[in-house]
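Student: Dumping the structure here so I can ask a few things about it.
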Amino acid sequence: MKKIEDYVRSIPDFPEPGIIFRDVTSILQDAEGLRLSIDLMQEKLKDVEFDVIAGTESRGFMFGVPIAYNLHKSFVPVRKKGKLPCETVSATYELEYGTAEIEMHKDAIKPGQKVVVIDDLIATGGTVEAAIKLIEQLGGEVVKAVFLMELAGLKGREKLAGYDVESIICYEGK
């Protein structure tokens with residue numbers, strides 16, 4: 001039986017020399033890899049009491065929705081600015097070159113709800129940090145964040161200090 005790491009395609013020198021790109025699409029393209037990734041992420045929630053899964057656009061949707069379905073929980077999408085049709089709350093976060101903005105529907109999280117955040121990758125932590133701010137602004141409590149992959153060298157966990165953060169695969173570099 002293959003380990004989840006065996007499904008990850010590593011592409012050297014992309015997007016620039018010295019970087020090893022960890023490609024999640026190679027997991028998604030393999031039925032066993034996809035099943036294993038969902039099962040391993042879901043396993044991290046077995047003793048967690050929560051109401052809602054929030055996933056960041058777009059790969060957080062790919063992993064968050066099947067886990068929400070399996071556990072009979074609701075799913076809240078955290079989207080790029082301008083993609084949601086109803087009244088939203090928004091947060092801006094830093095990118096390597098500039099800023100970006102994400103949004104959630106204003107009625108997506110009810111005060112007191114316990115929320116798990118799901119995404120494919122934690123790198124610098126900026127996107128999930130912004131998502132957590134939105135969840136808390138709406139009165140939710142983030143009880144855990146689960147990632148398929150972590151690039152530890154980019155120190156994303158530091159931005160999420162004080163939160164329960166777990167990843168399935170951890171790469172030491174960038």
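By convention in this document, the chains of the structure tokens carry letters A, B, ... by their order, each chain's residues are numbered from 1, and ligands are numbered from 1 in the order they are shown.
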Can you tell me, as an NGL selection string, what residues are no more than 8 Å from Leu151 in chain A when counting only C-alpha atoms, ignoring any on the same chain fewer than 4 positions away?
Tutor: :A and (121-123 or 155-156 or 170-174)
Student: Determine which residues of chain A receive a DSSP assignment of alpha helix (DSSP H), computed from the backbone, and state them as a ChimeraX atom specification.
Tutor: /A:25-28,31-43,59-71,126-137,156-159
Student: Those same residues, written as a short mmCIF file (atom, residue, chain, number, x, y, z; two decimals), in the first residue's frame with C-alpha atoms?
Tutor:
```cif
data_model
loop_
_atom_site.label_atom_id
_atom_site.label_comp_id
_atom_site.auth_asym_id
_atom_site.auth_seq_id
_atom_site.Cartn_x
_atom_site.Cartn_y
_atom_site.Cartn_z
CA THR A 25 -3.16 17.43 -8.59
CA SER A 26 -1.24 14.16 -8.75
CA ILE A 27 -3.12 13.08 -5.59
CA LEU A 28 -6.48 14.17 -7.01
CA ALA A 31 -8.55 7.40 -7.03
CA GLU A 32 -6.57 5.72 -4.23
CA GLY A 33 -4.55 8.87 -3.55
CA LEU A 34 -7.70 10.96 -3.35
CA ARG A 35 -9.41 8.48 -1.02
CA LEU A 36 -6.31 8.25 1.19
CA SER A 37 -5.95 12.04 1.43
CA ILE A 38 -9.60 12.50 2.47
CA ASP A 39 -9.39 9.62 4.96
CA LEU A 40 -6.18 10.91 6.56
CA MET A 41 -7.49 14.48 6.90
CA GLN A 42 -10.80 13.25 8.25
CA GLU A 43 -8.98 11.07 10.80
CA ARG A 59 -8.53 23.32 -3.12
CA GLY A 60 -9.98 23.70 0.36
CA PHE A 61 -13.31 23.01 -1.32
CA MET A 62 -11.98 19.79 -2.88
CA PHE A 63 -10.96 18.36 0.47
CA GLY A 64 -13.43 20.09 2.78
CA VAL A 65 -16.67 19.15 1.01
CA PRO A 66 -16.17 15.36 1.04
CA ILE A 67 -15.12 15.49 4.70
CA ALA A 68 -18.18 17.60 5.56
CA TYR A 69 -20.36 15.14 3.64
CA ASN A 70 -18.84 12.10 5.35
CA LEU A 71 -19.24 13.62 8.81
CA GLY A 126 -1.81 34.25 5.28
CA THR A 127 -4.94 32.91 3.62
CA VAL A 128 -5.99 30.78 6.57
CA GLU A 129 -5.15 33.54 9.05
CA ALA A 130 -7.53 35.82 7.10
CA ALA A 131 -10.21 33.08 7.00
CA ILE A 132 -9.93 32.64 10.77
CA LYS A 133 -10.39 36.39 11.27
CA LEU A 134 -13.61 36.24 9.23
CA ILE A 135 -14.93 33.25 11.15
CA GLU A 136 -14.20 34.95 14.47
CA GLN A 137 -15.68 38.25 13.25
CA GLY A 156 2.84 29.43 8.35
CA ARG A 157 2.27 27.85 11.75
CA GLU A 158 3.69 30.98 13.36
CA LYS A 159 0.78 33.03 11.98
#
```
Student: DSSP on the backbone, strand (DSSP E) only: what residues of range 32-125 of chain A does that give? Format it as a ChimeraX atom specification.
Tutor: /A:52-56,74-80,88-95,98-105,114-122
Student: Rank A:His72, A:Arg22, A:Lys144, A:Lys80 by their smallest atom-to-atom distance to Glu103 in chain A, using only C-alpha atoms, and report the top residue only.
Tutor: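 With only C-alpha atoms as the atom set, the closest residue is A:Lys80.
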Student: Please identify all polymer residues within 8 Å of Ser10 in chain A, counting only C-alpha atoms, omitting same-chain residues fewer than 2 positions from it, and present them as a PDB file with C-alpha atoms, in the first residue's frame.
Tutor:
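After the write, around08.pdb holds the following:
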```pdb
ATOM      1  CA  VAL A   8       2.700  13.831  -4.500  1.00  0.00           C
ATOM      2  CA  PRO A  12      12.058  21.032  -9.118  1.00  0.00           C
ATOM      3  CA  ILE A  20      10.414  22.347  -5.271  1.00  0.00           C
ATOM      4  CA  PHE A  21       6.734  22.588  -6.185  1.00  0.00           C
ATOM      5  CA  ARG A  22       4.577  19.997  -4.404  1.00  0.00           C
ATOM      6  CA  ASP A  23       1.752  19.193  -6.835  1.00  0.00           C
TER       7      ASP A  23
END
```
Student: Excluding Gln113 in chain A and any residue of its chain fewer than 5 positions from it, enumerate the residues within 8 Å of it, using only C-alpha atoms, and give them as a PyMOL selection string.
Tutor: chain A and resi 50-52+139-141
Student: Please determine, counting only C-alpha atoms, which residue among A:Glu16, A:Asp30, A:Asp120, A:Asp107 has the shortest atom-to-atom distance to Lys2 in chain A.
Tutor: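 Counting only C-alpha atoms, the residue closest to Lys2 in chain A is A:Asp30.
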Student: Using only C-alpha atoms, which residue out of A:Ala161, A:Ala152, A:Ile169, A:Val142 lies closest to Ala54 in chain A?
Tutor: A:Val142
Student: Pick the closest to Leu154 in chain A from A:Lys83, A:Gly125, A:Leu138, A:Pro77: which is it, counting only C-alpha atoms?
Tutor: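 The closest residue to Leu154 in chain A is A:Gly125.
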